[in-house]
Each structure stands twice: as structure tokens, then as C-alpha cells.
Amino acid sequence: MTDDDVEIIEKTTEFDGYVRLDRYRLRHRLFEGGWTGTVTREVLERGHAVVVLPYDADLDAIVCIEQFRIGALTAKQSGLFGDGFSPWLVEVVAGIIEDGEDPEDVARREALEESGCQVHELIPVGHYIATPGVCSESVFIYCGRVDASGAGGVHGIRHEHEDIRVFVVPVAEAFEWLEARAVTNAMTLIALQWLKINHEDLRAKWRSRAAP
């Protein structure tokens, strides 16, 4: 089926702040023929995002960040996470695509802003819809070749209330996180799983190559 099999009856904006909440009344075709009745759904609109896994092949290490996430704080209140779960999440670099921006340009910008690392080469990893049941956001994932020898400290844009701790992690340790199921956000999990699959080939390709 395609979007031609959906009829939008009405769309209204219920809230427009840090994010936007739109309400749809619609119907769509059924697999067995005919149409649904009128369905009401709310959709969270927050734009589209880019994720970068900064990888230094010479050090065989990645650059990670840690920052507070309100969604993680509220998720913890469900009681489904252990006592050691923290709303300060370990992640890789990410940022929102502004109107007219190219995802690769955003990847390079966000890597510099959030981690202090200049990206010298990018490999596309994937593009997925984060939470298609309630949100329109999609995520582009890249792996970026960086020099992580000087990475560290606290980064971010102050007027956007960003407080981002940057640190370097050996790849072997990051893979141990996967085995221990210690990664709790999808973008980082997907990026690390991709790196684990492609690690040897990528390291051979990028090791000892001088930055342009």
C-alpha cells in the first residue's frame, strides 16, 4: 500500500513549543479490502536527526558523549529499569537537521560542536524512523573518521542548555557494553552493532591515513 491509500479527514495542531503535537483524523484501506472507520491519532513533530559514531582507527577507539535526557528520567519512573539506570545517557553524537540542511553537513557540524572532533570521512550506516507509532522523526546514522587523541572535556552550546561530557572508549570496551546489554538508546545501539559487524574492514581502511 502507499500514501494514496490514506485519507486525511482533518489535521489540527494541539501544541507548538519545544516540540509540536498534531492531531489527525483519518482512515486507511484494509488489507482484506474496504476502509477503516475514522481513526484519531496524535503525532509528535520534532524534525529529523543525524547521528555520528566518531571512530579513530589508529587508536581503535570511539568518541562517546554523556548528557541528561528528560525522556530517560520519565522512563525510569515506569519501574522497568534497574536502580543503577541514570537519566544521564551515554550516547554518540546527534543533532537535528534544520530546514535546507544536508544530513552529511549536519553530521560534521554536530561532531565538532558536541565532541570537538573534526570528521574527515563519513560512511552512511542507515536511515530509520525512530518511533513510527507516535512520532515522525527519522534518524540518519553515519560513522565518521576522526582523530580522537585530543578528545575530552565538556562541550555543547550553552544557550541551548547543552552540558555534554566527552570521553574516548576503546572499541573492545564498547563491544563489551553490547554483550552486557548496557546500551539503552537505539541510535547508539544501532551504530555500535554496525561497527562490530564492520570493525575489521573499517579499521584496515582508515588506519594510518592522514587527515586531509
# chains A, B, ... in the order shown; residues from 1 in each chain; ligands from 1
>>> residues_around(residues="Ala191 (chain A)", least_positions_apart="2", cutoff="8 Å", atoms="only C-alpha atoms", output="PyMOL selection string")
chain A and resi 53+125+141-143+187-189+193-195
>>> closest_atom_pairs(of="region 119-184 of chain A", to="region 84-95 of chain A", cutoff="10 Å", atoms="only C-alpha atoms", output="CSV")
residue,atom,partner,partner_atom,distance
A:Val139,CA,A:Ala94,CA,9.2
A:Phe140,CA,A:Ala94,CA,9.4
A:Ile141,CA,A:Ala94,CA,8.9
A:Tyr142,CA,A:Val93,CA,9.8
A:Ile164,CA,A:Trp88,CA,9.7
A:Arg165,CA,A:Val90,CA,9.2
A:Val166,CA,A:Val92,CA,9.5
A:Phe167,CA,A:Val90,CA,9.8
A:Ala182,CA,A:Phe85,CA,9.5
A:Val183,CA,A:Val90,CA,7.6
A:Thr184,CA,A:Leu89,CA,7.7
>>> write_last_selection(atoms="C-alpha atoms", output="PDB file, in the first residue's frame")
ATOM      1  CA  VAL A 139      17.340   9.333  12.003  1.00  0.00           C
ATOM      2  CA  PHE A 140      20.326   9.228   9.622  1.00  0.00           C
ATOM      3  CA  ILE A 141      23.291   7.311  11.098  1.00  0.00           C
ATOM      4  CA  TYR A 142      26.890   7.768   9.964  1.00  0.00           C
ATOM      5  CA  ILE A 164      27.900  17.315  27.237  1.00  0.00           C
ATOM      6  CA  ARG A 165      30.727  15.257  28.711  1.00  0.00           C
ATOM      7  CA  VAL A 166      33.054  13.850  26.046  1.00  0.00           C
ATOM      8  CA  PHE A 167      35.233  10.780  26.553  1.00  0.00           C
ATOM      9  CA  ALA A 182      24.307  -1.776  28.830  1.00  0.00           C
ATOM     10  CA  VAL A 183      23.398   0.497  25.891  1.00  0.00           C
ATOM     11  CA  THR A 184      19.928   1.950  26.483  1.00  0.00           C
TER      12      THR A 184
END
>>> select_by_dssp(residues="region 137-205 of chain A", states="alpha helix (DSSP H)", output="PyMOL selection string")
chain A and resi 171-179+186-205
>>> select_by_dssp(residues="region 34-181 of chain A", states="strand (DSSP E or B)", output="MDAnalysis selection string")
chainID A and resid 35 39:45 49:56 61:68 88:91 93:96 121:129 135 138:145 153:155 164:170
>>> write_last_selection(atoms="C-alpha atoms", output="compact mmCIF listing (two decimals), in the first residue's frame")
# COMPACT_ATOMS: atom_id res chain seq x y z
CA TRP A 35 -11.65 1.08 4.68
CA VAL A 39 -9.12 6.91 13.34
CA THR A 40 -7.77 9.68 15.61
CA ARG A 41 -4.02 9.81 16.22
CA GLU A 42 -1.62 12.35 17.73
CA VAL A 43 1.79 12.76 16.08
CA LEU A 44 4.83 14.33 17.72
CA GLU A 45 6.74 16.54 15.28
CA ALA A 49 18.01 13.88 13.15
CA VAL A 50 21.56 12.87 12.31
CA VAL A 51 23.74 10.54 14.39
CA VAL A 52 27.52 10.21 14.09
CA LEU A 53 29.68 7.48 15.58
CA PRO A 54 33.16 9.11 15.72
CA TYR A 55 35.79 6.39 15.19
CA ASP A 56 39.58 6.67 15.36
CA ALA A 61 38.54 3.82 19.84
CA ILE A 62 35.26 5.72 19.59
CA VAL A 63 34.26 9.08 21.00
CA CYS A 64 31.20 8.98 23.24
CA ILE A 65 29.19 11.68 24.95
CA GLU A 66 27.11 11.74 28.12
CA GLN A 67 24.22 14.13 28.78
CA PHE A 68 20.92 14.47 30.64
CA TRP A 88 22.44 10.85 32.02
CA LEU A 89 22.80 8.65 28.95
CA VAL A 90 25.97 7.52 27.22
CA GLU A 91 25.44 8.20 23.53
CA VAL A 93 26.93 12.49 18.61
CA ALA A 94 23.49 13.59 17.34
CA GLY A 95 21.68 16.69 16.17
CA ILE A 96 18.57 17.97 14.39
CA GLU A 121 35.29 10.97 6.16
CA LEU A 122 31.73 9.70 6.55
CA ILE A 123 30.17 6.31 5.86
CA PRO A 124 26.36 6.03 5.81
CA VAL A 125 25.12 3.38 8.23
CA GLY A 126 21.34 3.63 7.86
CA HIS A 127 18.18 5.74 7.98
CA TYR A 128 15.25 4.71 10.16
CA ILE A 129 12.04 6.07 11.70
CA CYS A 135 6.43 10.41 16.03
CA SER A 138 13.66 9.84 11.26
CA VAL A 139 17.34 9.33 12.00
CA PHE A 140 20.33 9.23 9.62
CA ILE A 141 23.29 7.31 11.10
CA TYR A 142 26.89 7.77 9.96
CA CYS A 143 30.28 6.55 11.09
CA GLY A 144 32.87 9.33 10.96
CA ARG A 145 36.65 9.07 10.75
CA GLY A 153 36.16 17.72 28.29
CA VAL A 154 32.72 19.31 28.36
CA HIS A 155 31.11 20.62 25.17
CA ILE A 164 27.90 17.31 27.24
CA ARG A 165 30.73 15.26 28.71
CA VAL A 166 33.05 13.85 26.05
CA PHE A 167 35.23 10.78 26.55
CA VAL A 168 37.11 8.20 24.49
CA VAL A 169 36.32 4.48 24.73
CA PRO A 170 38.36 1.60 23.30
>>> atom_distance(atom1="CA of Glu173 (chain A)", atom2="CA of Gly82 (chain A)")
21.5 Å
>>> atom_distance(atom1="CA of Val134 (chain A)", atom2="CA of Tyr24 (chain A)")
11.3 Å
>>> residues_around(residues="Leu30 (chain A)", least_positions_apart="5", cutoff="12 Å", atoms="only C-alpha atoms", output="number ranges by chain")
A: 1-2, 5-6, 35-37
>>> write_last_selection(atoms="C-alpha atoms", output="PDB file, in the first residue's frame")
ATOM      1  CA  MET A   1       0.000   0.000   0.000  1.00  0.00           C
ATOM      2  CA  THR A   2       1.003   3.654  -0.452  1.00  0.00           C
ATOM      3  CA  ASP A   5      -4.455   4.510   0.477  1.00  0.00           C
ATOM      4  CA  VAL A   6      -4.793   7.013   3.330  1.00  0.00           C
ATOM      5  CA  TRP A  35     -11.651   1.076   4.681  1.00  0.00           C
ATOM      6  CA  THR A  36     -11.238   1.590   8.419  1.00  0.00           C
ATOM      7  CA  GLY A  37     -13.606   3.811  10.316  1.00  0.00           C
TER       8      GLY A  37
END
>>> residues_around(residues="Leu112 (chain A)", least_positions_apart="5", cutoff="10 Å", atoms="only C-alpha atoms", output="mmCIF file with N, CA and C atoms, in the first residue's frame")
data_model
loop_
_atom_site.group_PDB
_atom_site.id
_atom_site.type_symbol
_atom_site.label_atom_id
_atom_site.label_comp_id
_atom_site.auth_asym_id
_atom_site.auth_seq_id
_atom_site.Cartn_x
_atom_site.Cartn_y
_atom_site.Cartn_z
ATOM 1 N N VAL A 93 27.311 11.132 19.016
ATOM 2 C CA VAL A 93 26.929 12.486 18.608
ATOM 3 C C VAL A 93 25.609 12.473 17.841
ATOM 4 N N VAL A 106 25.241 18.311 8.542
ATOM 5 C CA VAL A 106 24.832 18.301 9.951
ATOM 6 C C VAL A 106 25.736 17.363 10.747
ATOM 7 N N ALA A 107 26.070 16.226 10.171
ATOM 8 C CA ALA A 107 26.941 15.272 10.853
ATOM 9 C C ALA A 107 28.286 15.904 11.204
ATOM 10 N N CYS A 117 35.483 17.090 17.694
ATOM 11 C CA CYS A 117 36.206 16.308 16.693
ATOM 12 C C CYS A 117 35.812 16.726 15.282
ATOM 13 N N GLN A 118 36.815 16.903 14.436
ATOM 14 C CA GLN A 118 36.563 17.163 13.022
ATOM 15 C C GLN A 118 36.423 15.835 12.291
ATOM 16 N N VAL A 119 35.356 15.704 11.512
ATOM 17 C CA VAL A 119 35.126 14.485 10.747
ATOM 18 C C VAL A 119 35.831 14.594 9.403
ATOM 19 N N HIS A 155 31.432 19.866 26.374
ATOM 20 C CA HIS A 155 31.108 20.618 25.165
ATOM 21 C C HIS A 155 29.615 20.932 25.131
ATOM 22 N N GLY A 156 29.190 21.556 24.023
ATOM 23 C CA GLY A 156 27.788 21.900 23.839
ATOM 24 C C GLY A 156 27.586 23.394 23.760
#
>>> closest_atom_pairs(of="region 40-73 of chain A", to="region 203-206 of chain A", cutoff="8 Å", atoms="only C-alpha atoms", output="JSON lines")
{"residue": "A:Ala57", "atom": "CA", "partner": "A:Arg203", "partner_atom": "CA", "distance": 5.1}
{"residue": "A:Asp58", "atom": "CA", "partner": "A:Arg203", "partner_atom": "CA", "distance": 7.8}
{"residue": "A:Asp60", "atom": "CA", "partner": "A:Arg203", "partner_atom": "CA", "distance": 7.3}
>>> write_last_selection(atoms="C-alpha atoms", output="compact mmCIF listing (two decimals), in the first residue's frame")
# COMPACT_ATOMS: atom_id res chain seq x y z
CA ALA A 57 41.06 3.65 13.59
CA ASP A 58 44.62 4.34 14.76
CA ASP A 60 40.84 1.74 17.68
>>> closest_residue(among="A:Ile197, A:Ala151, A:Ile157, A:Ala75", to="Phe175 (chain A)", atoms="only C-alpha atoms")
A:Ile197
>>> atom_distance(atom1="CA of Glu114 (chain A)", atom2="CA of Asn198 (chain A)")
24.6 Å
>>> decode(residues="region 41-124 of chain A", atoms="C-alpha atoms", output="compact mmCIF listing (two decimals), in the first residue's frame")
# COMPACT_ATOMS: atom_id res chain seq x y z
CA ARG A 41 -4.02 9.81 16.22
CA GLU A 42 -1.62 12.35 17.73
CA VAL A 43 1.79 12.76 16.08
CA LEU A 44 4.83 14.33 17.72
CA GLU A 45 6.74 16.54 15.28
CA ARG A 46 10.34 17.36 16.23
CA GLY A 47 12.11 17.28 12.88
CA HIS A 48 14.67 14.76 11.63
CA ALA A 49 18.01 13.88 13.15
CA VAL A 50 21.56 12.87 12.31
CA VAL A 51 23.74 10.54 14.39
CA VAL A 52 27.52 10.21 14.09
CA LEU A 53 29.68 7.48 15.58
CA PRO A 54 33.16 9.11 15.72
CA TYR A 55 35.79 6.39 15.19
CA ASP A 56 39.58 6.67 15.36
CA ALA A 57 41.06 3.65 13.59
CA ASP A 58 44.62 4.34 14.76
CA LEU A 59 43.56 4.31 18.43
CA ASP A 60 40.84 1.74 17.68
CA ALA A 61 38.54 3.82 19.84
CA ILE A 62 35.26 5.72 19.59
CA VAL A 63 34.26 9.08 21.00
CA CYS A 64 31.20 8.98 23.24
CA ILE A 65 29.19 11.68 24.95
CA GLU A 66 27.11 11.74 28.12
CA GLN A 67 24.22 14.13 28.78
CA PHE A 68 20.92 14.47 30.64
CA ARG A 69 17.77 13.27 28.86
CA ILE A 70 14.30 14.12 30.16
CA GLY A 71 12.80 11.12 28.35
CA ALA A 72 15.13 8.79 30.23
CA LEU A 73 14.13 10.39 33.53
CA THR A 74 10.43 9.85 32.88
CA ALA A 75 11.00 6.35 31.50
CA LYS A 76 12.74 5.38 34.74
CA GLN A 77 9.54 6.17 36.64
CA SER A 78 7.92 3.15 34.96
CA GLY A 79 9.86 0.87 37.31
CA LEU A 80 11.07 -1.21 34.34
CA PHE A 81 14.69 -0.12 34.71
CA GLY A 82 17.13 -1.18 37.41
CA ASP A 83 18.25 1.01 40.30
CA GLY A 84 21.51 1.79 38.50
CA PHE A 85 19.77 3.34 35.49
CA SER A 86 20.62 7.03 35.09
CA PRO A 87 18.91 9.78 33.05
CA TRP A 88 22.44 10.85 32.02
CA LEU A 89 22.80 8.65 28.95
CA VAL A 90 25.97 7.52 27.22
CA GLU A 91 25.44 8.20 23.53
CA VAL A 92 27.15 9.07 20.28
CA VAL A 93 26.93 12.49 18.61
CA ALA A 94 23.49 13.59 17.34
CA GLY A 95 21.68 16.69 16.17
CA ILE A 96 18.57 17.97 14.39
CA ILE A 97 18.51 18.80 10.67
CA GLU A 98 17.45 22.39 10.10
CA ASP A 99 15.44 23.43 7.03
CA GLY A 100 17.52 23.15 3.87
CA GLU A 101 20.46 21.37 5.51
CA ASP A 102 22.16 18.29 4.11
CA PRO A 103 22.44 15.39 6.61
CA GLU A 104 26.18 14.99 5.99
CA ASP A 105 26.78 18.68 6.70
CA VAL A 106 24.83 18.30 9.95
CA ALA A 107 26.94 15.27 10.85
CA ARG A 108 30.17 17.24 10.51
CA ARG A 109 28.79 20.26 12.38
CA GLU A 110 27.40 18.28 15.30
CA ALA A 111 30.56 16.22 15.68
CA LEU A 112 32.56 19.42 16.08
CA GLU A 113 30.03 21.11 18.41
CA GLU A 114 29.35 18.14 20.67
CA SER A 115 32.68 16.33 20.74
CA GLY A 116 35.26 18.79 19.44
CA CYS A 117 36.21 16.31 16.69
CA GLN A 118 36.56 17.16 13.02
CA VAL A 119 35.13 14.49 10.75
CA HIS A 120 37.44 13.63 7.83
CA GLU A 121 35.29 10.97 6.16
CA LEU A 122 31.73 9.70 6.55
CA ILE A 123 30.17 6.31 5.86
CA PRO A 124 26.36 6.03 5.81
